[in-house]
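Below you'll find the structure, written out as structure tokens, and then a few comments.
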Amino acid sequence: MKKLVTLVALAAVAVCSQAADFPSKPVSIVVPFSAGGPTDRVARDLAEALRKPLGGVSIVVDNVAGAGSSIGSAKVARATPDGYTLLLNHIGMATMPGLVRNLPFKVDSDFEYLGMVNEVPMTLVTKPSMPANNYKELTAWLAQNKGKVNLGNAGVGSASHLCGLLFQSALQSDMTTVPYKGAAPAMTDLIGGQIDLMCDQTTNTSGQIEAKKVKAFAVASSKRLTTPALKDLPTLQELGLKDFEVTIWHGLYAPKGTPPDVLAKLNAALKVALKDPDFIKKQEGLGAVVVNDKRVEPAEHKKYVLAEIAKWSPIIKAAGVYAD
């Protein structure tokens with residue numbers, strides 16, 4: 001019995017020492033999507049902003065894409081809970097339970113919630129050769145080409161997929177959905193004219209709109225945006241799609257069981273990073289809004305995610321789509 005007590009005491013000392021020294025080696029942020037996509041861009045900006053409050057440690061972005069973001073998320077859920085492997089995911093945290101059959105983890109209990117990072121509006125964009133020049137002409141073109149329109153997305157369960165589902169439903173339009181392995185390859189094919197249109201995050205579309213590589217028709221936010229490249233775009237609600245609003249958020253997570261002191265350090269560092277002027281400027285340039293409300297607190301972020309699961313699960317079930 002005395003030996004058991006000694007072992008427990010030694011383990012406790014080891015945990016305390018680990019927390020006190022954290023971080024003493026590079027931290028990995030897993031992005032469950034391909035490199036070059038919108039979530040990848042947010043992760044790389046956040047990694048830079050986290051370096052200073054984490055003592056200058058190196059932060060590496062690890063892209064592990066596939067299956068509605070569940071492959072990369074599973075990697076983090078299985079990782080050693082020491083704070084050195086984190087997950088940056090978007091609304092995928094709320095859609096995986098509805099999208100992925102036999103999900104190998106539980107979103108509500110296999111992660112430690114660190115806080116919300118930003119919110120990103122969606123934009124409706126088309127190939128540059130699209131003959132329509134405004135939304136009215138676009139809907140007329142879609143009607144004339146019913147059954148022939150290719151609607152791209154970044155993969156089943158991605159933000160662009162969800163927005164596209166809502167858009168098709170709102171218009172009651174018949175389009176061929178073309179899933180890609182990430183937003184970057186989808187955008188490449190949109191620019192090249194291989195697909196006709198896409199609904200995607202401003203983090204992936206703003207630069208292409210500004211460079212006139214794609215045509216932009218509307219934003220899916222509740223009000224118009226102020227970003228230079230997007231400020232003249234009407235909202236889909238203005239254009240007649242009642243209550244059409246899709247805003248994508250990003251959050252930061254650690255494996256379940258990560259020591260409380262380490263979690264506290266990570267949350268404190270996240271709060272500092274979210275106030276970093278360079279990070280805010282970069283996010284604003286992409287049309288994203290950095291979160292500065294109570295959702296930066298772990299418990300409040302988790303509460304928000306659970307509400308999002310309740311919102312999206314019925315929509316996904318009605319669409320009959322799966323990412324397995």
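Every chain in the structure tokens takes a letter, A first, then B, and so on in the order presented; its residues are numbered from 1, and the ligands are numbered from 1 following the presented order.
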Counting only C-alpha atoms, what are the residues of region 113-138 of chain A within 12 Å of region 262-277 of chain A, and for each of them which pair of atoms is the nearest and at what distance in Å, to one decimal? Sort the table by chain and rising number, as a tab-separated table.
residue	atom	partner	partner_atom	distance
A:Tyr113	CA	A:Leu263	CA	8.8
A:Leu114	CA	A:Asn267	CA	5.5
A:Gly115	CA	A:Asn267	CA	6.8
A:Met116	CA	A:Leu270	CA	9.0
A:Val117	CA	A:Leu274	CA	7.0
A:Asn118	CA	A:Leu274	CA	8.6
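For region 133-271 of chain A, a DSSP pass over the backbone yields strand (DSSP E) at A:Asn150, A:Leu151, A:Gly152, A:Asn153, A:Thr176, A:Thr177, A:Val178, A:Pro179, A:Leu197, A:Met198, A:Cys199, A:Asp200, A:Gln201, A:Lys215, A:Ala216, A:Phe217, A:Ala218, A:Val219, A:Thr247, A:Ile248, A:Trp249, A:His250, A:Gly251, A:Leu252, A:Tyr253, A:Ala254, A:Pro255.
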If we count only C-alpha atoms, what is near region 32-35 of chain A at a cut-off of 8 Å, once residues fewer than 3 positions away on the same chain are taken out, given as a PDB file with N, CA and C atoms, in the first residue's frame?
ATOM      1  N   THR A  39      -9.048  27.101 -43.460  1.00  0.00           N
ATOM      2  CA  THR A  39      -8.723  26.758 -42.073  1.00  0.00           C
ATOM      3  C   THR A  39      -7.215  26.680 -41.881  1.00  0.00           C
ATOM      4  N   ASP A  40      -6.517  26.229 -42.899  1.00  0.00           N
ATOM      5  CA  ASP A  40      -5.051  26.188 -42.853  1.00  0.00           C
ATOM      6  C   ASP A  40      -4.481  27.601 -42.695  1.00  0.00           C
ATOM      7  N   ASN A  63      -1.269  19.201 -41.452  1.00  0.00           N
ATOM      8  CA  ASN A  63      -2.508  19.003 -42.213  1.00  0.00           C
ATOM      9  C   ASN A  63      -2.837  17.525 -42.329  1.00  0.00           C
ATOM     10  N   VAL A  64      -3.987  17.124 -41.778  1.00  0.00           N
ATOM     11  CA  VAL A  64      -4.437  15.729 -41.825  1.00  0.00           C
ATOM     12  C   VAL A  64      -5.889  15.739 -42.297  1.00  0.00           C
ATOM     13  N   ALA A  65      -6.092  15.720 -43.608  1.00  0.00           N
ATOM     14  CA  ALA A  65      -7.424  15.918 -44.180  1.00  0.00           C
ATOM     15  C   ALA A  65      -8.193  14.614 -44.356  1.00  0.00           C
ATOM     16  N   GLY A  66      -9.527  14.755 -44.476  1.00  0.00           N
ATOM     17  CA  GLY A  66     -10.354  13.618 -44.863  1.00  0.00           C
ATOM     18  C   GLY A  66     -11.551  13.371 -43.964  1.00  0.00           C
ATOM     19  N   SER A  69     -13.415  16.069 -41.717  1.00  0.00           N
ATOM     20  CA  SER A  69     -12.493  16.540 -40.675  1.00  0.00           C
ATOM     21  C   SER A  69     -12.297  15.542 -39.540  1.00  0.00           C
ATOM     22  N   SER A  70     -12.884  14.335 -39.666  1.00  0.00           N
ATOM     23  CA  SER A  70     -12.803  13.374 -38.562  1.00  0.00           C
ATOM     24  C   SER A  70     -11.449  12.679 -38.457  1.00  0.00           C
ATOM     25  N   ILE A  71     -10.704  12.557 -39.565  1.00  0.00           N
ATOM     26  CA  ILE A  71      -9.411  11.860 -39.512  1.00  0.00           C
ATOM     27  C   ILE A  71      -8.404  12.665 -38.689  1.00  0.00           C
ATOM     28  N   GLY A  72      -8.279  13.948 -39.009  1.00  0.00           N
ATOM     29  CA  GLY A  72      -7.364  14.786 -38.247  1.00  0.00           C
ATOM     30  C   GLY A  72      -7.812  14.952 -36.805  1.00  0.00           C
ATOM     31  N   SER A  73      -9.120  15.067 -36.606  1.00  0.00           N
ATOM     32  CA  SER A  73      -9.650  15.211 -35.245  1.00  0.00           C
ATOM     33  C   SER A  73      -9.378  13.959 -34.421  1.00  0.00           C
ATOM     34  N   LEU A  87      -5.777  20.768 -31.798  1.00  0.00           N
ATOM     35  CA  LEU A  87      -6.627  20.705 -32.986  1.00  0.00           C
ATOM     36  C   LEU A  87      -7.237  22.070 -33.238  1.00  0.00           C
ATOM     37  N   LEU A  88      -7.122  22.537 -34.481  1.00  0.00           N
ATOM     38  CA  LEU A  88      -7.884  23.715 -34.906  1.00  0.00           C
ATOM     39  C   LEU A  88      -8.905  23.229 -35.913  1.00  0.00           C
ATOM     40  N   ASN A  89     -10.158  23.317 -35.544  1.00  0.00           N
ATOM     41  CA  ASN A  89     -11.215  22.876 -36.456  1.00  0.00           C
ATOM     42  C   ASN A  89     -12.279  23.964 -36.544  1.00  0.00           C
ATOM     43  N   LYS A 181     -10.890  17.479 -52.186  1.00  0.00           N
ATOM     44  CA  LYS A 181     -10.128  17.208 -50.959  1.00  0.00           C
ATOM     45  C   LYS A 181      -9.520  18.508 -50.451  1.00  0.00           C
ATOM     46  N   GLY A 182     -10.398  19.456 -50.136  1.00  0.00           N
ATOM     47  CA  GLY A 182      -9.937  20.730 -49.615  1.00  0.00           C
ATOM     48  C   GLY A 182     -10.418  21.904 -50.453  1.00  0.00           C
ATOM     49  N   ALA A 183     -10.402  23.091 -49.828  1.00  0.00           N
ATOM     50  CA  ALA A 183     -10.870  24.301 -50.498  1.00  0.00           C
ATOM     51  C   ALA A 183      -9.903  24.773 -51.577  1.00  0.00           C
ATOM     52  N   ALA A 184      -8.607  24.549 -51.371  1.00  0.00           N
ATOM     53  CA  ALA A 184      -7.618  25.026 -52.338  1.00  0.00           C
ATOM     54  C   ALA A 184      -7.804  24.388 -53.720  1.00  0.00           C
TER      55      ALA A 184
END
Do you have, as a Markdown table, the list of residues of region 124-160 of chain A lying at most 12 Å from region 222-234 of chain A, each with its nearest atom pair and that distance in Å to one decimal, counting only C-alpha atoms and ordered by chain then number?
| residue | atom | partner | partner_atom | distance |
| --- | --- | --- | --- | --- |
| A:Leu124 | CA | A:Leu233 | CA | 9.7 |
| A:Val125 | CA | A:Leu233 | CA | 10.9 |
| A:Asn134 | CA | A:Leu233 | CA | 10.0 |
| A:Tyr135 | CA | A:Pro234 | CA | 9.2 |
| A:Lys136 | CA | A:Pro234 | CA | 12.0 |
Could those residues be written to a file, using C-alpha atoms, as a compact mmCIF listing (two decimals), in the first residue's frame?
# COMPACT_ATOMS: atom_id res chain seq x y z
CA LEU A 124 -21.14 33.00 -53.26
CA VAL A 125 -18.60 32.96 -56.11
CA ASN A 134 -25.50 40.13 -61.00
CA TYR A 135 -27.51 37.85 -58.74
CA LYS A 136 -30.71 38.13 -60.79
DSSP-assigned alpha helix (DSSP H) members of region 109-288 of chain A, reported as a VMD selection string: chain A and resid 135 to 144 159 to 171 183 to 192 202 to 210 260 to 273 277 to 285
Tell me which protein, DNA and RNA residues are within 9 Å of Gly257 (chain A), counting only C-alpha atoms, leaving out same-chain ones fewer than 3 positions away, and put them as an MDAnalysis selection string. chainID A and resid 80:82 110:112 254 260
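Among the candidate residues A:Ala299, A:Thr235, A:Glu210, A:Asp200, the one lying nearest to Pro38 (chain A) is A:Asp200, with distances computed using only C-alpha atoms.
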Would you work out the distance separating CA of Met198 (chain A) from CA of Ala47 (chain A), expressed in Å to one decimal?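 For CA of Met198 (chain A) relative to CA of Ala47 (chain A), the distance reads 28.1 Å.
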